[in-house]
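Enquirer: My structure is in coords01.pdb, and what it holds is PDB, C-alpha atoms and all ligand atoms:
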```pdb
ATOM      1  CA  MET C 770     150.687-119.399 166.350
ATOM      2  CA  ALA C 771     150.821-116.142 164.366
ATOM      3  CA  TYR C 772     147.159-116.245 163.350
ATOM      4  CA  ARG C 773     143.693-117.631 164.027
ATOM      5  CA  LEU C 774     141.832-119.489 161.280
ATOM      6  CA  ASN C 775     138.186-120.402 160.749
ATOM      7  CA  ILE C 776     136.794-122.604 157.969
ATOM      8  CA  VAL C 777     133.036-122.752 157.374
ATOM      9  CA  GLU C 778     130.796-124.801 155.108
ATOM     10  CA  LEU C 779     128.761-122.433 152.950
ATOM     11  CA  ASN C 780     125.544-124.356 153.532
ATOM     12  CA  LYS C 781     125.874-123.810 157.305
ATOM     13  CA  VAL C 782     126.145-120.017 157.213
ATOM     14  CA  PRO C 783     123.321-118.232 159.119
ATOM     15  CA  LEU C 784     121.050-115.625 157.565
ATOM     16  CA  ALA C 785     122.763-112.380 156.477
ATOM     17  CA  GLU C 786     120.503-110.348 158.814
ATOM     18  CA  ASP C 787     121.860-112.294 161.802
ATOM     19  CA  PHE C 788     125.413-111.026 161.550
ATOM     20  CA  LEU C 789     125.906-108.266 158.948
ATOM     21  CA  THR C 790     125.828-104.555 159.787
ATOM     22  CA  LYS C 791     123.368-102.309 157.971
ATOM     23  CA  ARG C 792     126.075-101.123 155.581
ATOM     24  CA  GLU C 793     127.210-104.692 154.848
ATOM     25  CA  LEU C 794     123.618-105.762 154.222
ATOM     26  CA  GLY C 795     123.347-102.961 151.672
ATOM     27  CA  ILE C 796     126.399-104.317 149.807
ATOM     28  CA  TYR C 797     125.156-107.912 150.100
ATOM     29  CA  LYS C 798     121.890-106.979 148.423
ATOM     30  CA  THR C 799     123.690-105.574 145.378
ATOM     31  CA  PHE C 800     125.105-108.981 144.356
ATOM     32  CA  LYS C 801     123.112-110.497 141.506
ATOM     33  CA  ILE C 802     124.757-113.907 141.201
ATOM     34  CA  ASP C 803     123.760-116.415 143.854
ATOM     35  CA  LYS C 804     127.189-118.118 143.997
ATOM     36  CA  ARG C 805     128.950-114.770 144.600
ATOM     37  CA  LYS C 806     126.378-113.848 147.240
ATOM     38  CA  LYS C 807     126.939-117.111 149.121
ATOM     39  CA  GLU C 808     130.729-116.880 148.939
ATOM     40  CA  TRP C 809     130.837-113.238 150.007
ATOM     41  CA  LEU C 810     128.532-113.992 152.926
ATOM     42  CA  GLY C 811     130.464-117.138 153.888
ATOM     43  CA  GLY C 812     133.779-115.258 154.006
ATOM     44  CA  ARG C 813     132.312-112.565 156.226
ATOM     45  CA  TYR C 814     130.686-115.088 158.523
ATOM     46  CA  ALA C 815     133.932-117.090 158.865
ATOM     47  CA  LEU C 816     135.778-113.914 159.811
ATOM     48  CA  LYS C 817     133.222-112.374 162.157
ATOM     49  CA  LYS C 818     132.601-115.649 163.988
ATOM     50  CA  LEU C 819     136.338-116.048 164.473
ATOM     51  CA  ALA C 820     136.692-112.539 165.916
ATOM     52  CA  CYS C 821     133.625-113.103 168.105
ATOM     53  CA  ASP C 822     134.955-116.336 169.565
ATOM     54  CA  PHE C 823     138.549-115.197 169.946
ATOM     55  CA  PHE C 824     138.160-111.575 171.080
ATOM     56  CA  ASN C 825     134.668-111.818 172.511
ATOM     57  CA  PHE C 826     133.320-109.016 170.300
ATOM     58  CA  ASP C 827     129.635-108.721 169.463
ATOM     59  CA  ILE C 828     129.149-110.037 165.910
ATOM     60  CA  LYS C 829     127.132-107.007 164.797
ATOM     61  CA  HIS C 830     129.632-104.534 166.238
ATOM     62  CA  MET C 831     132.350-105.238 163.736
ATOM     63  CA  GLU C 832     132.545-104.652 160.030
ATOM     64  CA  VAL C 833     134.529-106.117 157.141
ATOM     65  CA  ASN C 834     135.658-103.474 154.664
ATOM     66  CA  ASN C 835     137.559-103.953 151.422
ATOM     67  CA  LEU C 836     140.386-101.559 150.522
ATOM     68  CA  PRO C 837     140.402-100.241 146.918
ATOM     69  CA  SER C 838     142.748-103.157 146.063
ATOM     70  CA  GLY C 839     140.076-105.612 147.248
ATOM     71  CA  GLN C 840     142.069-106.577 150.376
ATOM     72  CA  PRO C 841     139.745-107.011 153.377
ATOM     73  CA  VAL C 842     140.234-105.386 156.797
ATOM     74  CA  LEU C 843     138.235-106.025 159.948
ATOM     75  CA  LEU C 844     137.079-102.964 161.838
ATOM     76  CA  VAL C 845     136.404-103.875 165.478
ATOM     77  CA  PRO C 846     134.928-101.951 168.450
ATOM     78  CA  GLY C 847     137.263 -99.143 169.511
ATOM     79  CA  GLY C 848     138.162 -98.412 165.892
ATOM     80  CA  THR C 849     141.050-100.877 165.576
ATOM     81  CA  LYS C 850     141.640-102.359 162.112
ATOM     82  CA  LEU C 851     142.875-105.948 162.142
ATOM     83  CA  PRO C 852     144.831-107.549 159.284
ATOM     84  CA  VAL C 853     142.728-110.380 157.896
ATOM     85  CA  SER C 854     142.303-112.554 154.841
ATOM     86  CA  ILE C 855     139.302-114.238 153.227
ATOM     87  CA  THR C 856     139.034-117.036 150.678
ATOM     88  CA  HIS C 857     136.216-119.131 149.231
ATOM     89  CA  SER C 858     136.004-122.104 146.903
ATOM     90  CA  GLY C 859     133.393-124.765 146.242
ATOM     91  CA  ALA C 860     131.676-125.734 149.490
ATOM     92  CA  TYR C 861     133.918-123.686 151.789
ATOM     93  CA  ALA C 862     134.835-120.205 152.921
ATOM     94  CA  ALA C 863     137.702-119.471 155.274
ATOM     95  CA  ALA C 864     139.071-116.448 157.077
ATOM     96  CA  ALA C 865     142.109-115.686 159.204
ATOM     97  CA  ILE C 866     143.201-112.894 161.533
ATOM     98  CA  ALA C 867     146.906-112.105 161.897
ATOM     99  CA  LEU C 868     148.036-111.985 165.536
ATOM    100  CA  THR C 869     151.610-111.033 164.663
ATOM    101  CA  GLY C 870     152.857-108.917 161.789
ATOM    102  CA  GLN C 871     150.895-106.638 159.524
ATOM    103  CA  ALA C 872     149.311-109.011 157.062
ATOM    104  CA  ILE C 873     148.055-112.491 156.315
ATOM    105  CA  GLY C 874     147.064-114.319 153.122
ATOM    106  CA  LEU C 875     144.743-117.293 152.651
ATOM    107  CA  ASP C 876     143.756-119.308 149.618
ATOM    108  CA  ILE C 877     141.564-122.385 149.105
ATOM    109  CA  GLU C 878     141.745-124.262 145.825
ATOM    110  CA  VAL C 879     139.933-127.356 144.565
ATOM    111  CA  ILE C 880     142.399-130.145 143.754
ATOM    112  CA  GLU C 881     142.049-130.695 140.012
ATOM    113  CA  GLN C 882     144.099-131.294 136.873
ATOM    114  CA  ARG C 883     145.404-128.111 135.199
ATOM    115  CA  SER C 884     146.152-127.542 131.528
ATOM    116  CA  PRO C 885     149.783-127.512 130.315
ATOM    117  CA  ALA C 886     149.278-123.903 129.094
ATOM    118  CA  TRP C 887     148.129-122.796 132.558
ATOM    119  CA  ILE C 888     151.038-124.594 134.218
ATOM    120  CA  LYS C 889     153.487-122.861 131.862
ATOM    121  CA  GLN C 890     151.973-119.465 132.579
ATOM    122  CA  CYS C 891     151.903-119.816 136.377
ATOM    123  CA  PHE C 892     155.079-121.655 137.338
ATOM    124  CA  GLU C 893     158.805-121.625 136.652
ATOM    125  CA  GLU C 894     160.285-124.948 135.499
ATOM    126  CA  SER C 895     162.389-125.086 138.685
ATOM    127  CA  GLU C 896     159.265-125.121 140.875
ATOM    128  CA  ILE C 897     157.655-128.127 139.243
ATOM    129  CA  SER C 898     159.007-131.219 140.966
ATOM    130  CA  SER C 899     155.746-133.086 140.219
ATOM    131  CA  LYS C 900     152.883-132.621 137.779
ATOM    132  CA  SER C 901     150.329-134.280 140.051
ATOM    133  CA  ALA C 902     147.091-132.360 140.687
ATOM    134  CA  PRO C 903     147.627-132.201 144.498
ATOM    135  CA  PHE C 904     151.183-130.867 144.103
ATOM    136  CA  LEU C 905     150.319-128.177 141.532
ATOM    137  CA  THR C 906     147.159-127.160 143.384
ATOM    138  CA  GLU C 907     149.169-126.730 146.582
ATOM    139  CA  LEU C 908     151.825-124.712 144.770
ATOM    140  CA  TRP C 909     149.161-122.451 143.251
ATOM    141  CA  ALA C 910     147.351-122.003 146.582
ATOM    142  CA  LYS C 911     150.666-121.007 148.215
ATOM    143  CA  LYS C 912     151.319-118.409 145.491
ATOM    144  CA  GLU C 913     147.849-116.920 145.832
ATOM    145  CA  ALA C 914     148.166-116.831 149.622
ATOM    146  CA  VAL C 915     151.412-114.854 149.238
ATOM    147  CA  LEU C 916     149.821-112.540 146.632
ATOM    148  CA  LYS C 917     147.061-111.835 149.122
ATOM    149  CA  PHE C 918     149.557-111.345 151.951
ATOM    150  CA  LEU C 919     151.194-108.652 149.813
ATOM    151  CA  GLY C 920     147.720-107.173 149.268
ATOM    152  CA  VAL C 921     147.906-107.057 145.502
ATOM    153  CA  GLY C 922     146.244-110.220 144.230
ATOM    154  CA  LEU C 923     146.823-111.168 140.602
ATOM    155  CA  LYS C 924     147.933-107.678 139.571
ATOM    156  CA  LEU C 925     151.421-109.083 140.152
ATOM    157  CA  SER C 926     152.857-111.756 137.903
ATOM    158  CA  CYS C 927     152.570-115.170 139.544
ATOM    159  CA  THR C 928     156.069-116.048 138.354
ATOM    160  CA  ASP C 929     157.460-113.181 140.474
ATOM    161  CA  ILE C 930     156.681-115.409 143.481
ATOM    162  CA  ASN C 931     158.533-118.706 143.316
ATOM    163  CA  PHE C 932     158.904-121.767 145.480
ATOM    164  CA  VAL C 933     162.306-123.052 144.449
ATOM    165  CA  PHE C 934     162.850-126.404 146.205
ATOM    166  CA  GLY C 935     159.967-125.328 148.412
ATOM    167  CA  LYS C 936     161.663-122.073 149.506
ATOM    168  CA  LEU C 937     159.796-118.783 148.896
ATOM    169  CA  GLU C 938     161.666-116.344 146.634
ATOM    170  CA  PHE C 939     160.594-113.005 145.150
ATOM    171  CA  LYS C 940     161.615-111.154 142.027
ATOM    172  CA  GLY C 941     160.447-108.167 139.976
ATOM    173  CA  LYS C 942     157.481-106.198 141.329
ATOM    174  CA  ALA C 943     156.795-108.788 144.038
ATOM    175  CA  LEU C 944     160.309-108.244 145.417
ATOM    176  CA  ASP C 945     159.752-104.457 145.475
ATOM    177  CA  MET C 946     156.410-104.905 147.189
ATOM    178  CA  TRP C 947     157.844-107.301 149.779
ATOM    179  CA  ALA C 948     160.785-104.932 150.475
ATOM    180  CA  ARG C 949     158.378-101.965 150.825
ATOM    181  CA  GLN C 950     156.524-103.920 153.499
ATOM    182  CA  GLY C 951     159.768-104.301 155.483
ATOM    183  CA  SER C 952     160.813-107.734 154.068
ATOM    184  CA  PRO C 953     158.526-109.725 156.415
ATOM    185  CA  ASN C 954     159.467-113.286 157.306
ATOM    186  CA  ILE C 955     156.591-115.031 155.494
ATOM    187  CA  THR C 956     155.948-118.666 156.368
ATOM    188  CA  LEU C 957     153.558-120.986 154.557
ATOM    189  CA  GLN C 958     151.331-123.673 155.973
ATOM    190  CA  VAL C 959     149.051-125.972 153.993
ATOM    191  CA  GLN C 960     146.006-127.976 155.074
ATOM    192  CA  ASN C 961     144.161-130.659 153.104
ATOM    193  CA  LEU C 962     140.378-130.292 153.333
ATOM    194  CA  GLN C 963     138.361-133.464 152.813
ATOM    195  CA  GLY C 964     141.065-134.694 150.392
ATOM    196  CA  SER C 965     139.488-132.390 147.765
ATOM    197  CA  TYR C 966     140.878-128.941 148.576
ATOM    198  CA  LYS C 967     144.185-127.343 149.520
ATOM    199  CA  LEU C 968     144.160-124.402 151.926
ATOM    200  CA  ALA C 969     147.353-122.326 152.077
ATOM    201  CA  ILE C 970     148.102-119.771 154.797
ATOM    202  CA  ALA C 971     150.855-117.155 154.393
ATOM    203  CA  SER C 972     151.603-115.526 157.745
ATOM    204  CA  GLU C 973     154.369-113.458 159.250
ATOM    205  CA  GLU C 974     156.610-114.994 161.884
ATOM    206  CA  PRO C 975     158.854-112.784 164.021
ATOM    207  CA  ARG C 976     162.579-113.011 163.151
ATOM    208  CA  PHE C 977     164.797-114.147 166.028
TER
HETATM  209  C1  LIG I1001     142.736-111.602 145.275
HETATM  210  C2  LIG I1001     142.505-112.587 144.164
HETATM  211  C3  LIG I1001     143.850-113.248 143.859
HETATM  212  C4  LIG I1001     141.449-113.589 144.674
HETATM  213  O1  LIG I1001     141.508-114.756 144.038
HETATM  214  P1  LIG I1001     140.471-115.982 144.012
HETATM  215  O2  LIG I1001     141.244-117.227 144.209
HETATM  216  O3  LIG I1001     139.680-115.829 142.779
HETATM  217  O4  LIG I1001     139.419-115.791 145.178
HETATM  218  P2  LIG I1001     139.429-116.174 146.725
HETATM  219  O5  LIG I1001     138.096-116.681 147.042
HETATM  220  O6  LIG I1001     140.570-117.020 147.134
HETATM  221  O7  LIG I1001     139.636-114.750 147.418
HETATM  222  C5  LIG I1001     138.694-113.752 147.308
HETATM  223  C6  LIG I1001     138.925-112.803 148.445
HETATM  224  O8  LIG I1001     140.254-112.251 148.370
HETATM  225  C7  LIG I1001     140.231-110.988 149.006
HETATM  226  N1  LIG I1001     140.986-110.063 148.165
HETATM  227  C8  LIG I1001     140.566-109.448 147.027
HETATM  228  N2  LIG I1001     141.550-108.647 146.553
HETATM  229  C9  LIG I1001     142.591-108.775 147.410
HETATM  230  C10 LIG I1001     143.880-108.187 147.462
HETATM  231  N3  LIG I1001     144.294-107.295 146.563
HETATM  232  N4  LIG I1001     144.711-108.547 148.473
HETATM  233  C11 LIG I1001     144.318-109.416 149.419
HETATM  234  N5  LIG I1001     143.088-110.013 149.440
HETATM  235  C12 LIG I1001     142.244-109.690 148.421
HETATM  236  C13 LIG I1001     138.774-110.562 149.189
HETATM  237  O9  LIG I1001     138.434-110.642 150.555
HETATM  238  C14 LIG I1001     138.022-111.596 148.390
HETATM  239  O10 LIG I1001     136.794-111.979 148.962
HETATM  240  P3  LIG I1001     135.533-110.982 149.031
HETATM  241  O11 LIG I1001     135.500-110.275 147.713
HETATM  242  O12 LIG I1001     134.375-111.895 149.265
HETATM  243  O13 LIG I1001     135.811-110.057 150.180
HETATM  244  C15 LIG I1001     141.992-111.912 142.885
HETATM  245  O14 LIG I1001     140.645-111.543 143.048
HETATM  246  C16 LIG I1001     142.785-110.647 142.524
HETATM  247  O15 LIG I1001     143.827-110.711 141.936
HETATM  248  N6  LIG I1001     142.350-109.461 142.900
HETATM  249  C17 LIG I1001     143.160-108.233 142.830
HETATM  250  C18 LIG I1001     142.982-107.490 141.570
HETATM  251  C19 LIG I1001     141.616-106.993 141.365
HETATM  252  O16 LIG I1001     141.092-107.155 140.306
HETATM  253  N7  LIG I1001     140.999-106.343 142.361
HETATM  254  C20 LIG I1001     139.665-105.910 142.257
HETATM  255  C21 LIG I1001     139.410-104.917 143.344
HETATM  256  S1  LIG I1001     137.716-104.743 143.648
END
```
Show this structure as structure tokens.
Expert:
Amino acid sequence: MAYRLNIVELNKVPLAEDFLTKRELGIYKTFKIDKRKKEWLGGRYALKKLACDFFNFDIKHMEVNNLPSGQPVLLVPGGTKLPVSITHSGAYAAAAIALTGQAIGLDIEVIEQRSPAWIKQCFEESEISSKSAPFLTELWAKKEAVLKFLGVGLKLSCTDINFVFGKLEFKGKALDMWARQGSPNITLQVQNLQGSYKLAIASEEPRF
């Protein structure tokens, strides 16, 4: 597999002092809204625990930094920066580390009905083979995972990333961005969580 993934329940995350560095604790304390605090902490715990278990690093000897774009990177002992992604929604936070390629993108979304105006804004007609909540939620989670893989988030138009008959296609600024990153072979995987959430993972597979 091209990545490692960890999903945590927000109400099972340990105390911030148990796993954040001094600098991270300083950032954590600046958040005023409890929900944001919990999600931010949950994402960092999911990621650090994953790196601890997989690479055997000490949890307090690694740090999650955000680039100016908001994209997270994991700084591990020895100074290496690993490509990672974080997402949070409702009761969950998840994180992934790319083992191949230069990037990874994750997104969790609650399965729920969306308004016709939102659907029109986010999708091309050709992508919508069903208007069911699970289908559209999955489609949206896949788009956000790709946006995060590209490292730009919603600064790009979501209709510049399309899943035509399920196949990923780029246009406009997303195509430029993808080409600038060396046209990586991005593959998408989707997991259902508790029947209430969709988790999409955009990772890079080597071309053969
Ligand atoms: C990235 C984005 C699509 C996240 O969407 P979301 O579904 O609301 O939130 P999620 O929980 O799935 O993801 C949030 C995580 O995405 C990550 N992220 C943020 N910006 C990112 C980017 N440009 N590329 C990749 N990942 C990004 C962060 O790790 C963030 O969690 P954290 O703030 O706790 O570290 C959205 O925030 C966005 O478009 N951001 C870019 C534009 C922007 O305003 N950046 C602000 C820079 S501070």
Enquirer: What residues of the protein or nucleic acid chains come within 7 Å of ligand LIG 1001 (chain I) when you use only C-alpha atoms and all ligand atoms? Reply as a ChimeraX atom specification.
Expert: /C:808-809,812,835,837-841,854-858,874-877,913,916-924
Enquirer: Please, what is the axis-aligned box for every listed atom of range 874-884 of chain C with 3 Å on each side, as centre and edge lengths in Å to one decimal, as AutoDock Vina command-line options?
Expert:
```
--center_x 143.5 --center_y -122.8 --center_z 142.3 --size_x 13.1 --size_y 23.0 --size_z 27.6
```
Enquirer: What's around range 789-800 of chain C at 8 Å? Count all atoms listed in the file, leave out sequence neighbours fewer than 4 positions away in its own chain, and write the answer as a ChimeraX atom specification.
Expert: /C:785,805-806,809-810,828-833
Enquirer: If we count all atoms listed in the file, what is near Gln960 in chain C at a cut-off of 8 Å, once residues fewer than 3 positions away on the same chain are taken out, given as a ChimeraX atom specification?
Expert: /C:967-969
Enquirer: Evaluate the PyMOL selection byres (((chain C and resi 934) around 10) and not hetatm) here and jot the selected residues down as a list of chain:residue names.
Expert: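 That selection, the PyMOL selection byres (((chain C and resi 934) around 10) and not hetatm), comes back as C:Ser895, C:Glu896, C:Ile897, C:Ser898, C:Asn931, C:Phe932, C:Val933, C:Gly935, C:Lys936, C:Leu937.
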